[in-house]
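Text of entry05.cif, listed as mmCIF, C-alpha atoms:
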data_query
loop_
_atom_site.label_atom_id
_atom_site.label_comp_id
_atom_site.auth_asym_id
_atom_site.auth_seq_id
_atom_site.Cartn_x
_atom_site.Cartn_y
_atom_site.Cartn_z
CA MET A 299 -18.85 -1.57 -13.56
CA ASN A 300 -17.09 -4.95 -13.24
CA THR A 301 -17.68 -6.39 -9.76
CA GLN A 302 -16.10 -9.80 -10.45
CA MET A 303 -13.18 -10.56 -8.15
CA GLU A 304 -10.93 -13.61 -8.06
CA GLU A 305 -8.77 -14.71 -5.10
CA VAL A 306 -5.19 -15.58 -6.11
CA ARG A 307 -1.98 -16.85 -4.49
CA LEU A 308 1.43 -16.25 -6.04
CA SER A 309 4.48 -18.30 -5.12
CA LEU A 310 7.45 -16.00 -5.67
CA GLY A 311 10.20 -18.39 -4.58
CA HIS A 312 11.20 -16.44 -1.49
CA ILE A 313 7.63 -15.82 -0.25
CA GLU A 314 4.00 -16.53 -1.10
CA LEU A 315 1.66 -13.58 -1.56
CA ALA A 316 -2.14 -13.46 -1.72
CA GLY A 317 -4.30 -11.00 -3.58
CA HIS A 318 -7.37 -10.20 -5.61
CA LEU A 319 -7.75 -10.02 -9.39
CA PHE A 320 -10.25 -7.57 -10.88
CA GLY A 321 -11.25 -6.68 -14.42
CA PRO A 322 -11.11 -8.26 -17.87
CA ALA A 323 -8.33 -10.77 -18.63
CA ASP A 324 -7.22 -8.63 -21.60
CA GLY A 325 -7.29 -5.36 -19.63
CA VAL A 326 -4.33 -3.04 -19.06
CA PRO A 327 -2.03 -4.72 -16.47
CA VAL A 328 -2.03 -2.91 -13.11
CA ILE A 329 -0.56 -3.95 -9.75
CA ALA A 330 -2.32 -2.29 -6.79
CA LEU A 331 -0.45 -1.81 -3.50
CA HIS A 332 -2.22 -0.92 -0.25
CA GLY A 333 -1.06 1.12 2.73
CA TRP A 334 0.75 0.15 5.95
CA LEU A 335 -1.18 -2.39 8.07
CA ASP A 336 -4.01 -2.48 5.47
CA ASN A 337 -4.62 -5.26 2.93
CA ALA A 338 -5.93 -5.97 -0.58
CA ASN A 339 -9.49 -5.14 0.52
CA SER A 340 -8.35 -1.49 0.41
CA PHE A 341 -9.28 -1.63 -3.28
CA ALA A 342 -12.60 -3.49 -2.90
CA LEU A 343 -14.65 -0.32 -3.54
CA LEU A 344 -12.32 1.35 -6.05
CA ALA A 345 -11.15 -1.46 -8.35
CA PRO A 346 -14.61 -2.43 -9.69
CA LYS A 347 -15.16 1.20 -10.73
CA LEU A 348 -11.99 1.33 -12.87
CA ARG A 349 -12.62 0.49 -16.53
CA GLY A 350 -10.56 -1.70 -18.83
CA LEU A 351 -7.89 -2.59 -16.28
CA ARG A 352 -6.63 -6.02 -15.18
CA ILE A 353 -5.85 -5.21 -11.54
CA LEU A 354 -3.81 -7.46 -9.27
CA ALA A 355 -4.40 -6.07 -5.76
CA LEU A 356 -1.76 -7.68 -3.54
CA ASP A 357 -1.64 -8.29 0.17
CA LEU A 358 1.90 -7.00 0.77
CA ALA A 359 4.26 -9.34 2.64
CA GLY A 360 3.29 -9.55 6.31
CA HIS A 361 -0.24 -8.26 5.62
CA GLY A 362 -3.62 -9.94 5.04
CA HIS A 363 -3.33 -13.51 3.77
CA SER A 364 0.25 -13.17 2.48
CA GLU A 365 3.13 -14.91 4.22
CA HIS A 366 5.29 -13.12 6.79
CA ARG A 367 8.97 -12.68 6.04
CA PRO A 368 11.30 -15.28 7.58
CA ALA A 369 12.75 -14.82 11.08
CA GLY A 370 15.56 -12.25 11.02
CA ALA A 371 14.27 -10.49 7.89
CA GLY A 372 12.74 -7.02 7.79
CA TYR A 373 10.26 -5.02 5.73
CA ALA A 374 12.36 -2.52 3.78
CA LEU A 375 10.87 -0.59 0.85
CA TRP A 376 13.21 -2.25 -1.64
CA ASP A 377 12.07 -5.69 -0.49
CA TYR A 378 8.47 -4.76 -1.33
CA ALA A 379 9.65 -3.48 -4.72
CA HIS A 380 11.38 -6.83 -5.35
CA ASP A 381 8.17 -8.67 -4.41
CA VAL A 382 6.20 -6.60 -6.94
CA LEU A 383 8.65 -7.44 -9.73
CA ARG A 384 8.41 -11.14 -8.87
CA ALA A 385 4.61 -10.90 -8.88
CA ALA A 386 4.71 -9.25 -12.32
CA GLU A 387 6.85 -12.16 -13.57
CA GLN A 388 4.27 -14.62 -12.25
CA MET A 389 1.58 -12.73 -14.16
CA GLY A 390 3.68 -12.61 -17.34
CA TRP A 391 3.73 -8.79 -17.31
CA GLU A 392 6.93 -7.23 -18.67
CA ARG A 393 5.43 -3.75 -18.41
CA PHE A 394 2.63 -2.74 -16.08
CA ALA A 395 1.05 0.21 -14.27
CA LEU A 396 1.07 0.76 -10.51
CA LEU A 397 -1.83 1.92 -8.35
CA GLY A 398 -0.66 2.69 -4.82
CA HIS A 399 -2.05 4.13 -1.60
CA SER A 400 0.19 5.55 1.17
CA LEU A 401 2.98 2.97 1.73
CA GLY A 402 1.89 1.34 -1.55
CA ALA A 403 2.28 4.68 -3.33
CA ILE A 404 5.79 5.08 -1.89
CA VAL A 405 6.78 1.58 -3.05
CA SER A 406 5.32 2.43 -6.47
CA VAL A 407 7.47 5.55 -6.81
CA VAL A 408 10.59 3.67 -5.64
CA LEU A 409 10.00 0.99 -8.27
CA ALA A 410 9.05 3.40 -11.07
CA GLY A 411 12.17 5.49 -10.38
CA SER A 412 14.46 2.46 -10.11
CA LEU A 413 13.24 0.68 -13.27
CA PRO A 414 11.40 3.32 -15.30
CA GLU A 415 11.33 1.11 -18.40
CA ARG A 416 9.04 -1.41 -16.63
CA ILE A 417 6.26 0.95 -15.47
CA THR A 418 3.63 2.33 -17.88
CA ARG A 419 1.64 4.59 -15.51
CA LEU A 420 1.62 5.65 -11.86
CA ALA A 421 -1.69 6.25 -10.08
CA LEU A 422 -0.98 7.41 -6.52
CA ILE A 423 -3.31 8.06 -3.56
CA ASP A 424 -2.03 10.27 -0.73
CA GLY A 425 1.57 9.04 -0.78
CA VAL A 426 4.79 9.77 -2.71
CA ILE A 427 8.12 9.45 -0.88
CA PRO A 428 9.07 7.84 2.44
CA PRO A 429 9.70 9.94 5.58
CA THR A 430 13.19 11.42 5.30
CA SER A 431 15.88 12.53 7.74
CA GLY A 432 19.28 14.21 7.77
CA PRO A 433 22.58 12.32 7.92
CA GLN A 434 23.22 13.49 11.49
CA ASP A 435 20.31 11.34 12.72
CA ALA A 436 21.55 8.04 11.24
CA ALA A 437 23.33 6.54 14.28
CA GLU A 438 20.60 7.51 16.77
CA ARG A 439 17.90 6.08 14.48
CA MET A 440 19.81 2.81 14.08
CA GLY A 441 20.16 2.47 17.87
CA MET A 442 16.45 3.13 18.40
CA ALA A 443 15.54 0.50 15.77
CA LEU A 444 17.88 -2.13 17.23
CA GLN A 445 16.46 -1.63 20.73
CA ALA A 446 12.90 -1.89 19.37
CA GLN A 447 13.76 -5.19 17.64
CA LEU A 448 15.04 -6.63 20.94
CA ARG A 449 11.94 -5.50 22.84
CA LEU A 450 9.49 -6.90 20.27
CA ASP A 451 10.00 -10.51 21.42
CA SER A 452 8.53 -9.69 24.83
CA LYS A 453 5.43 -7.96 23.43
CA ARG A 454 2.18 -9.86 22.89
CA LYS A 455 -0.23 -9.02 20.09
CA ALA A 456 -3.47 -7.40 21.20
CA VAL A 457 -6.46 -9.78 21.37
CA HIS A 458 -9.90 -8.21 20.93
CA PRO A 459 -12.63 -10.19 22.75
CA THR A 460 -15.21 -9.59 19.97
CA LEU A 461 -15.25 -8.81 16.27
CA GLU A 462 -17.01 -5.53 17.04
CA GLN A 463 -14.24 -4.42 19.41
CA ALA A 464 -11.60 -5.26 16.78
CA ILE A 465 -13.45 -3.16 14.19
CA GLN A 466 -13.83 -0.27 16.66
CA ALA A 467 -10.08 -0.42 17.41
CA ARG A 468 -9.28 -0.18 13.68
CA MET A 469 -11.65 2.77 13.26
CA LYS A 470 -9.68 4.63 15.97
CA GLY A 471 -6.21 3.52 14.76
CA LEU A 472 -3.20 5.73 14.07
CA VAL A 473 -5.09 6.91 10.97
CA ALA A 474 -8.83 6.84 11.64
CA VAL A 475 -11.06 5.15 9.05
CA SER A 476 -14.81 4.86 8.54
CA ARG A 477 -16.75 1.86 9.80
CA GLU A 478 -17.14 0.63 6.20
CA ALA A 479 -13.36 0.76 5.67
CA ALA A 480 -12.63 -0.92 9.02
CA GLU A 481 -15.05 -3.74 8.18
CA LEU A 482 -13.41 -4.28 4.79
CA LEU A 483 -9.94 -4.44 6.36
CA ALA A 484 -11.22 -6.70 9.16
CA GLN A 485 -12.70 -9.22 6.68
CA ARG A 486 -9.21 -9.93 5.38
CA GLY A 487 -7.03 -8.86 8.28
CA LEU A 488 -8.49 -10.55 11.38
CA MET A 489 -8.14 -14.13 12.57
CA PRO A 490 -9.75 -15.97 15.48
CA VAL A 491 -7.46 -16.88 18.41
CA PRO A 492 -8.14 -18.11 21.95
CA GLY A 493 -9.95 -15.27 23.69
CA GLY A 494 -11.16 -13.44 20.58
CA TYR A 495 -9.58 -11.97 17.46
CA THR A 496 -6.21 -10.57 16.50
CA TRP A 497 -4.81 -8.99 13.35
CA ARG A 498 -2.90 -11.27 10.97
CA SER A 499 -0.28 -8.61 10.20
CA ASP A 500 3.32 -9.28 11.23
CA SER A 501 4.25 -7.47 14.46
CA ARG A 502 7.58 -6.49 12.85
CA LEU A 503 5.66 -4.08 10.60
CA THR A 504 5.37 -1.73 13.59
CA LEU A 505 9.14 -1.51 14.10
CA PRO A 506 10.87 1.80 13.26
CA SER A 507 13.00 1.80 10.12
CA PRO A 508 16.72 1.52 10.97
CA THR A 509 17.65 3.85 8.09
CA ARG A 510 15.99 6.74 6.30
CA LEU A 511 16.81 8.39 3.00
CA SER A 512 17.70 12.07 2.79
CA GLU A 513 15.15 14.23 0.99
CA ALA A 514 17.48 14.49 -2.02
CA GLN A 515 17.81 10.71 -2.19
CA ALA A 516 14.04 10.22 -1.90
CA LEU A 517 13.34 12.80 -4.62
CA SER A 518 15.84 11.10 -6.95
CA PHE A 519 13.24 8.34 -7.42
CA VAL A 520 10.59 10.93 -8.35
CA GLN A 521 12.96 12.54 -10.84
CA ARG A 522 13.64 9.25 -12.66
CA VAL A 523 9.96 8.40 -13.19
CA ALA A 524 9.49 8.32 -16.97
CA CYS A 525 5.79 7.41 -17.27
CA PRO A 526 2.66 9.55 -16.86
CA ALA A 527 1.87 9.93 -13.14
CA MET A 528 -1.18 11.21 -11.29
CA LEU A 529 -1.31 11.91 -7.56
CA VAL A 530 -4.64 12.17 -5.73
CA VAL A 531 -4.16 14.28 -2.59
CA ALA A 532 -6.75 13.87 0.18
CA ALA A 533 -7.77 17.34 1.38
CA GLU A 534 -7.83 16.09 5.00
CA GLY A 535 -5.07 13.52 4.50
CA MET A 536 -1.34 13.27 5.18
CA LEU A 537 0.09 15.02 2.15
CA ALA A 538 -2.04 18.16 1.96
CA ARG A 539 0.07 20.06 4.52
CA HIS A 540 3.36 19.25 2.75
CA THR A 541 2.97 22.02 0.19
CA ALA A 542 6.71 22.47 -0.40
CA LEU A 543 7.04 18.80 -1.37
CA LEU A 544 3.94 18.85 -3.56
CA GLU A 545 5.23 21.86 -5.49
CA GLN A 546 8.42 19.93 -6.39
CA LEU A 547 6.57 17.00 -7.93
CA PRO A 548 6.38 16.74 -11.73
CA PHE A 549 3.14 14.71 -11.43
CA THR A 550 -0.42 15.67 -12.34
CA ARG A 551 -2.21 16.45 -9.06
CA GLU A 552 -5.84 16.37 -8.03
CA VAL A 553 -7.03 17.39 -4.55
CA LEU A 554 -10.20 15.56 -3.49
CA PRO A 555 -12.34 15.92 -0.35
CA GLY A 556 -11.81 13.29 2.34
CA GLY A 557 -9.22 11.77 4.63
CA HIS A 558 -6.18 9.57 4.02
CA HIS A 559 -8.35 6.52 3.13
CA LEU A 560 -10.74 8.48 0.89
CA HIS A 561 -10.82 5.71 -1.76
CA MET A 562 -12.28 3.19 0.69
CA ASN A 563 -14.07 5.16 3.41
CA ASP A 564 -17.32 5.16 1.39
CA GLU A 565 -18.73 4.66 -2.11
CA SER A 566 -18.76 8.40 -2.90
CA GLY A 567 -15.03 8.75 -2.15
CA ALA A 568 -14.24 5.67 -4.22
CA THR A 569 -16.30 7.12 -7.09
CA LEU A 570 -14.40 10.44 -6.99
CA VAL A 571 -11.03 8.67 -7.08
CA ALA A 572 -12.24 6.31 -9.82
CA ASP A 573 -13.38 9.24 -11.98
CA CYS A 574 -9.88 10.74 -11.75
CA PHE A 575 -8.10 7.50 -12.60
CA ASN A 576 -10.51 6.53 -15.41
CA ARG A 577 -9.66 9.85 -17.07
CA PHE A 578 -5.96 9.30 -16.34
CA PHE A 579 -5.89 5.82 -17.90
CA GLY A 580 -7.95 7.16 -20.81
CA ILE A 581 -9.98 3.99 -21.37
CA PRO A 582 -13.51 4.74 -22.62
#
Show me the file's structure as structure tokens.
Amino acid sequence: MNTQMEEVRLSLGHIELAGHLFGPADGVPVIALHGWLDNANSFALLAPKLRGLRILALDLAGHGHSEHRPAGAGYALWDYAHDVLRAAEQMGWERFALLGHSLGAIVSVVLAGSLPERITRLALIDGVIPPTSGPQDAAERMGMALQAQLRLDSKRKAVHPTLEQAIQARMKGLVAVSREAAELLAQRGLMPVPGGYTWRSDSRLTLPSPTRLSEAQALSFVQRVACPAMLVVAAEGMLARHTALLEQLPFTREVLPGGHHLHMNDESGATLVADCFNRFFGIP
């Protein structure tokens, strides 16, 4: 197991991203993308268990130690996909694999469907396509998003008086995580401010999306994926109940015990996911 990790910063022209590098310099190129409001430490348990891979685990824009997008900009899926391509250019990788969890898995599928010739393998954890809606909801959704943008300026970020309270809040977040996972995310995601600690993540990440794809549009990305793809479904996660969607996917699937963050909640979950992906990448 390779536990060596290197901190990196990538200047992409339009934004600067931070991340971690794992694995041998001559390993198979992989870009790892974490979930919504998480950071590169999502892969701190998993990445060292993956053999023969050169993994760049990014802090997505607005997360962790990466820059926030400029005033007036948003956080659309295609903007993340563009960032990943720019990061690959910085690394000198014409073709590369993607390892994604949740939002990161969705961005991975969008990119692999858009530019199938660039992606060698897709390793996905409890995420595939973005939430979808019908065309009749478009105007109402846009109005809701515009109102939320206006209200955001008057909202103040939560300040947690102690580190322990910040960790407890993350454990009980929208998707609950273990203490070990919350501590990993806190290491990279918290910053001291007057009165305690707050999360570094951009407040705009909590805004509702002004547009959503239809299910047919979302699945068009899945259908254009040309590389081998494996999806790990968490038995107590977000995807397990979407059986109709899962049955439409042309990907290899493995259901593993655990919740949505199974790859980082504890060492045993990380080991189970690593065993799947080591077989998938086929590196002895």
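Among the candidates A:Leu543, A:Leu420, A:Met389, A:Ala410, the one nearest to A:Ala330 when counting only C-alpha atoms is A:Leu420.
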How would you write, as a short mmCIF file (atom, residue, chain, number, x, y, z; two decimals) with C-alpha atoms, in the coordinates of the input, the residues chosen by the PyMOL selection byres ((chain A and resi 504-513) around 7) on this structure?
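Produced file result_15.cif, reproduced below:
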data_model
loop_
_atom_site.label_atom_id
_atom_site.label_comp_id
_atom_site.auth_asym_id
_atom_site.auth_seq_id
_atom_site.Cartn_x
_atom_site.Cartn_y
_atom_site.Cartn_z
CA THR A 430 13.19 11.42 5.30
CA SER A 431 15.88 12.53 7.74
CA GLY A 432 19.28 14.21 7.77
CA ALA A 436 21.55 8.04 11.24
CA ARG A 439 17.90 6.08 14.48
CA MET A 440 19.81 2.81 14.08
CA ALA A 443 15.54 0.50 15.77
CA ALA A 446 12.90 -1.89 19.37
CA GLN A 447 13.76 -5.19 17.64
CA SER A 501 4.25 -7.47 14.46
CA ARG A 502 7.58 -6.49 12.85
CA LEU A 503 5.66 -4.08 10.60
CA ALA A 514 17.48 14.49 -2.02
CA GLN A 515 17.81 10.71 -2.19
CA ALA A 516 14.04 10.22 -1.90
CA LEU A 517 13.34 12.80 -4.62
#
To box stretch 557-573 of chain A, take all atoms listed in the file, fit an axis-aligned box, add 5 Å on each side, and give centre and edge lengths in Å to one decimal, as AutoDock Vina command-line options.
--center_x -12.5 --center_y 7.5 --center_z -3.7 --size_x 22.6 --size_y 18.6 --size_z 26.6
Contacts of stretch 460-509 of chain A with stretch 341-361 of chain A up to 10 Å, shortest pair per row, all atoms listed in the file, as CSV:
residue,atom,partner,partner_atom,distance
A:Ala479,CA,A:Leu343,CA,9.4
A:Leu482,CA,A:Ala342,CA,7.8
A:Leu483,CA,A:Ala342,CA,9.7
A:Arg486,CA,A:His361,CA,9.1
A:Gly487,CA,A:His361,CA,7.3
A:Trp497,CA,A:His361,CA,9.0
A:Arg498,CA,A:His361,CA,6.7
A:Ser499,CA,A:His361,CA,4.6
A:Asp500,CA,A:Gly360,CA,4.9
A:Ser501,CA,A:Gly360,CA,8.5
A:Arg502,CA,A:Gly360,CA,8.4
A:Leu503,CA,A:Gly360,CA,7.3
(Q) Calculated over only C-alpha atoms, which of the candidates A:Glu314, A:Glu415, A:Asp324, A:Asp336 has the smallest distance to A:Glu365? (A) A:Glu314
Q.
Residue by residue, what does the PyMOL selection byres ((chain A and resi 560) around 12) grab here? Present the result as a ChimeraX atom specification.
A. /A:340-341,343-344,399-400,423-424,473-476,478-479,530-536,553-559,561-572
(Q) For stretch 490-494 of chain A, find every residue with an atom within 7 Å (counting only C-alpha atoms), except residues of its own chain fewer than 4 positions away, and show them as a list in words. (A)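 Surrounding residues, per the criterion: Val457, His458, Pro459 and Thr460 of chain A.
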Can you write out the residues you just picked, keeping C-alpha atoms, as a CSV table (one decimal), in the frame of the given file?
chain,number,residue,atom,x,y,z
A,457,VAL,CA,-6.5,-9.8,21.4
A,458,HIS,CA,-9.9,-8.2,20.9
A,459,PRO,CA,-12.6,-10.2,22.8
A,460,THR,CA,-15.2,-9.6,20.0
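We find atom CA of A:Leu422 and atom CA of A:Met528 to be spaced 6.1 Å apart.
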